[in-house]
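Trainee: Shown below is the structure under consideration.
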Amino acid sequence: MEYKMPEGTRIGHVHLKVSDLDRSMKFYHDILGFEIQQRYGGSAVFLSAGGYHHHIGLNTWHSKGAEPAPAFSAGLYHFAILYPQRRDLAVILKRLINADYPLAGAADHGVSEAIYLDDPDGNGVELYWDKPKERWPKDEQGNLQMVTDPLDIEELLQLTG
């Protein structure tokens, strides 16, 4: 019998090798707003949203001063941060725009709305909000039909007031 992951299983955290901890903290803490949970001297930090032990770990144990990984090689494509409300996605988009932080793209996937960018070490980051499940596009057989359509950024930003 084929094994299936138990329902309710989640990705708990991501731990990234970074070349400059302070530079990464400016992105993950200062711009995205993750809270510092613990520091390991000057070589690692654990960050979270809402007081969880950590959603993101950052370290320089094997990567201090290193160049970003080549784009066309095996490794992390991106990891995704799920926002609870659409307005939360709009607020972080506005923060990124105000910080003049470069975006790599934005899309409406039918099931979600997403903003794509790279962290200071070139790790791909997706910031997204899931649409209500009953609105997810499906074919006649009930199979999910995700798409990649343009995201209406101006309409999203209207949620920030």
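Chain lettering (A, B, ...) mirrors the order of the structure tokens, residue numbering begins at 1 for each chain separately, and ligand numbering begins at 1 in order of display.
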Per DSSP on the backbone, what are the helix (DSSP H, G or I) residues of chain A, as a PyMOL selection string?

Mentor: chain A and resi 21-31+86-98+133-135+153-160

Trainee: Filtering to C-alpha atoms, could you give me those residues as a PDB file, in the first residue's frame?

Mentor:
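Once everything was written out, this is part04.pdb:
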```pdb
ATOM      1  CA  LEU A  21      23.840  37.739   9.032  1.00  0.00           C
ATOM      2  CA  ASP A  22      23.292  41.474   9.576  1.00  0.00           C
ATOM      3  CA  ARG A  23      22.340  42.003   5.924  1.00  0.00           C
ATOM      4  CA  SER A  24      19.890  39.090   6.091  1.00  0.00           C
ATOM      5  CA  MET A  25      18.402  40.443   9.321  1.00  0.00           C
ATOM      6  CA  LYS A  26      17.663  43.744   7.586  1.00  0.00           C
ATOM      7  CA  PHE A  27      15.532  41.770   5.121  1.00  0.00           C
ATOM      8  CA  TYR A  28      13.849  39.140   7.314  1.00  0.00           C
ATOM      9  CA  HIS A  29      13.503  41.205  10.509  1.00  0.00           C
ATOM     10  CA  ASP A  30      13.451  44.863   9.471  1.00  0.00           C
ATOM     11  CA  ILE A  31      11.465  44.608   6.219  1.00  0.00           C
ATOM     12  CA  ARG A  86      -5.210  39.244   1.708  1.00  0.00           C
ATOM     13  CA  ARG A  87      -4.715  42.626   3.378  1.00  0.00           C
ATOM     14  CA  ASP A  88      -1.564  41.250   5.064  1.00  0.00           C
ATOM     15  CA  LEU A  89      -0.127  40.485   1.616  1.00  0.00           C
ATOM     16  CA  ALA A  90      -1.021  44.019   0.509  1.00  0.00           C
ATOM     17  CA  VAL A  91       0.711  45.526   3.554  1.00  0.00           C
ATOM     18  CA  ILE A  92       3.961  43.615   2.993  1.00  0.00           C
ATOM     19  CA  LEU A  93       3.887  44.544  -0.699  1.00  0.00           C
ATOM     20  CA  LYS A  94       3.586  48.201   0.258  1.00  0.00           C
ATOM     21  CA  ARG A  95       6.487  47.810   2.741  1.00  0.00           C
ATOM     22  CA  LEU A  96       8.648  46.294   0.003  1.00  0.00           C
ATOM     23  CA  ILE A  97       7.767  49.101  -2.403  1.00  0.00           C
ATOM     24  CA  ASN A  98       8.471  51.748   0.263  1.00  0.00           C
ATOM     25  CA  LYS A 133     -10.767  26.878  -1.108  1.00  0.00           C
ATOM     26  CA  GLU A 134     -14.264  27.053  -2.586  1.00  0.00           C
ATOM     27  CA  ARG A 135     -12.935  29.584  -5.152  1.00  0.00           C
ATOM     28  CA  ILE A 153      -1.022  44.985  -7.891  1.00  0.00           C
ATOM     29  CA  GLU A 154      -2.862  48.309  -7.903  1.00  0.00           C
ATOM     30  CA  GLU A 155      -6.095  46.631  -6.769  1.00  0.00           C
ATOM     31  CA  LEU A 156      -4.207  44.712  -4.062  1.00  0.00           C
ATOM     32  CA  LEU A 157      -2.541  47.885  -2.773  1.00  0.00           C
ATOM     33  CA  GLN A 158      -5.961  49.529  -2.357  1.00  0.00           C
ATOM     34  CA  LEU A 159      -6.434  47.255   0.676  1.00  0.00           C
ATOM     35  CA  THR A 160      -3.759  49.230   2.539  1.00  0.00           C
TER      36      THR A 160
END
```

Trainee: List every residue of segment 61-138 of chain A that DSSP, applied to the backbone, labels as strand (DSSP E), and write the result as a ChimeraX atom specification.

Mentor: /A:79-83,105-108,112-118,124-130

Trainee: Could the residues in this selection be written to a file with C-alpha atoms, as a short mmCIF file (atom, residue, chain, number, x, y, z; two decimals), in the first residue's frame?

Mentor:
```cif
data_model
loop_
_atom_site.label_atom_id
_atom_site.label_comp_id
_atom_site.auth_asym_id
_atom_site.auth_seq_id
_atom_site.Cartn_x
_atom_site.Cartn_y
_atom_site.Cartn_z
CA PHE A 79 10.28 28.89 -0.09
CA ALA A 80 6.89 30.42 0.58
CA ILE A 81 5.51 32.52 3.41
CA LEU A 82 1.72 32.24 3.72
CA TYR A 83 -0.12 35.32 5.00
CA GLY A 105 7.47 38.94 -10.10
CA ALA A 106 3.85 38.67 -9.04
CA ALA A 107 1.08 36.29 -10.06
CA ASP A 108 -2.50 35.25 -9.53
CA SER A 112 -3.50 32.18 -4.42
CA GLU A 113 -1.98 35.58 -5.06
CA ALA A 114 1.80 35.70 -4.87
CA ILE A 115 4.71 38.12 -4.85
CA TYR A 116 8.17 36.80 -5.71
CA LEU A 117 11.53 38.21 -4.69
CA ASP A 118 15.03 37.12 -3.73
CA GLY A 124 13.88 32.77 -3.73
CA VAL A 125 11.03 33.90 -1.48
CA GLU A 126 7.33 33.74 -2.30
CA LEU A 127 4.96 35.86 -0.24
CA TYR A 128 1.39 34.72 -0.77
CA TRP A 129 -2.22 34.54 0.38
CA ASP A 130 -4.50 31.59 -0.32
#
```

Trainee: Near His53 of chain A, counting only C-alpha atoms, which residues have an atom at most 10 Å away, once you skip same-chain residues fewer than 3 positions from it, shown as a PyMOL selection string?

Mentor: chain A and resi 13+36-38+46-50+56

Trainee: Given the selection you just returned, output its residues as a file containing N, CA and C atoms, formatted as a tab-separated table (two decimals), in the first residue's frame.

Mentor:
```tsv
chain	number	residue	atom	x	y	z
A	13	HIS	N	9.70	24.72	9.38
A	13	HIS	CA	10.57	25.88	9.26
A	13	HIS	C	11.55	25.67	8.11
A	36	ILE	N	12.75	38.18	16.35
A	36	ILE	CA	13.93	37.42	16.80
A	36	ILE	C	13.53	36.57	18.00
A	37	GLN	N	13.75	35.28	17.91
A	37	GLN	CA	13.49	34.38	19.02
A	37	GLN	C	14.76	34.03	19.78
A	38	GLN	N	15.84	33.82	19.05
A	38	GLN	CA	17.11	33.48	19.69
A	38	GLN	C	18.27	33.80	18.76
A	46	PHE	N	17.34	32.80	15.00
A	46	PHE	CA	16.09	32.10	14.74
A	46	PHE	C	14.95	33.10	14.85
A	47	LEU	N	14.12	33.15	13.81
A	47	LEU	CA	13.06	34.15	13.67
A	47	LEU	C	11.70	33.48	13.56
A	48	SER	N	10.67	34.21	13.98
A	48	SER	CA	9.32	33.64	13.86
A	48	SER	C	8.28	34.73	13.68
A	49	ALA	N	7.08	34.28	13.38
A	49	ALA	CA	5.89	35.12	13.40
A	49	ALA	C	5.02	34.62	14.55
A	50	GLY	N	4.65	35.52	15.43
A	50	GLY	CA	3.73	35.16	16.50
A	50	GLY	C	4.31	34.37	17.66
A	56	ILE	N	12.05	30.61	10.56
A	56	ILE	CA	13.23	30.79	9.72
A	56	ILE	C	14.48	30.78	10.60
```

Trainee: Which one of A:Pro132, A:Pro102, A:Gly65, A:Gly110 sits closest to Gln145 of chain A if you count only C-alpha atoms?

Mentor: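 Smallest separation from Gln145 of chain A among the options: A:Gly110.
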
Trainee: Smallest atom-to-atom distance to His55 of chain A: which of A:Leu16, A:Val147, A:Met5, A:Ala104, using only C-alpha atoms?

Mentor: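 With only C-alpha atoms as the atom set, the closest residue is A:Leu16.
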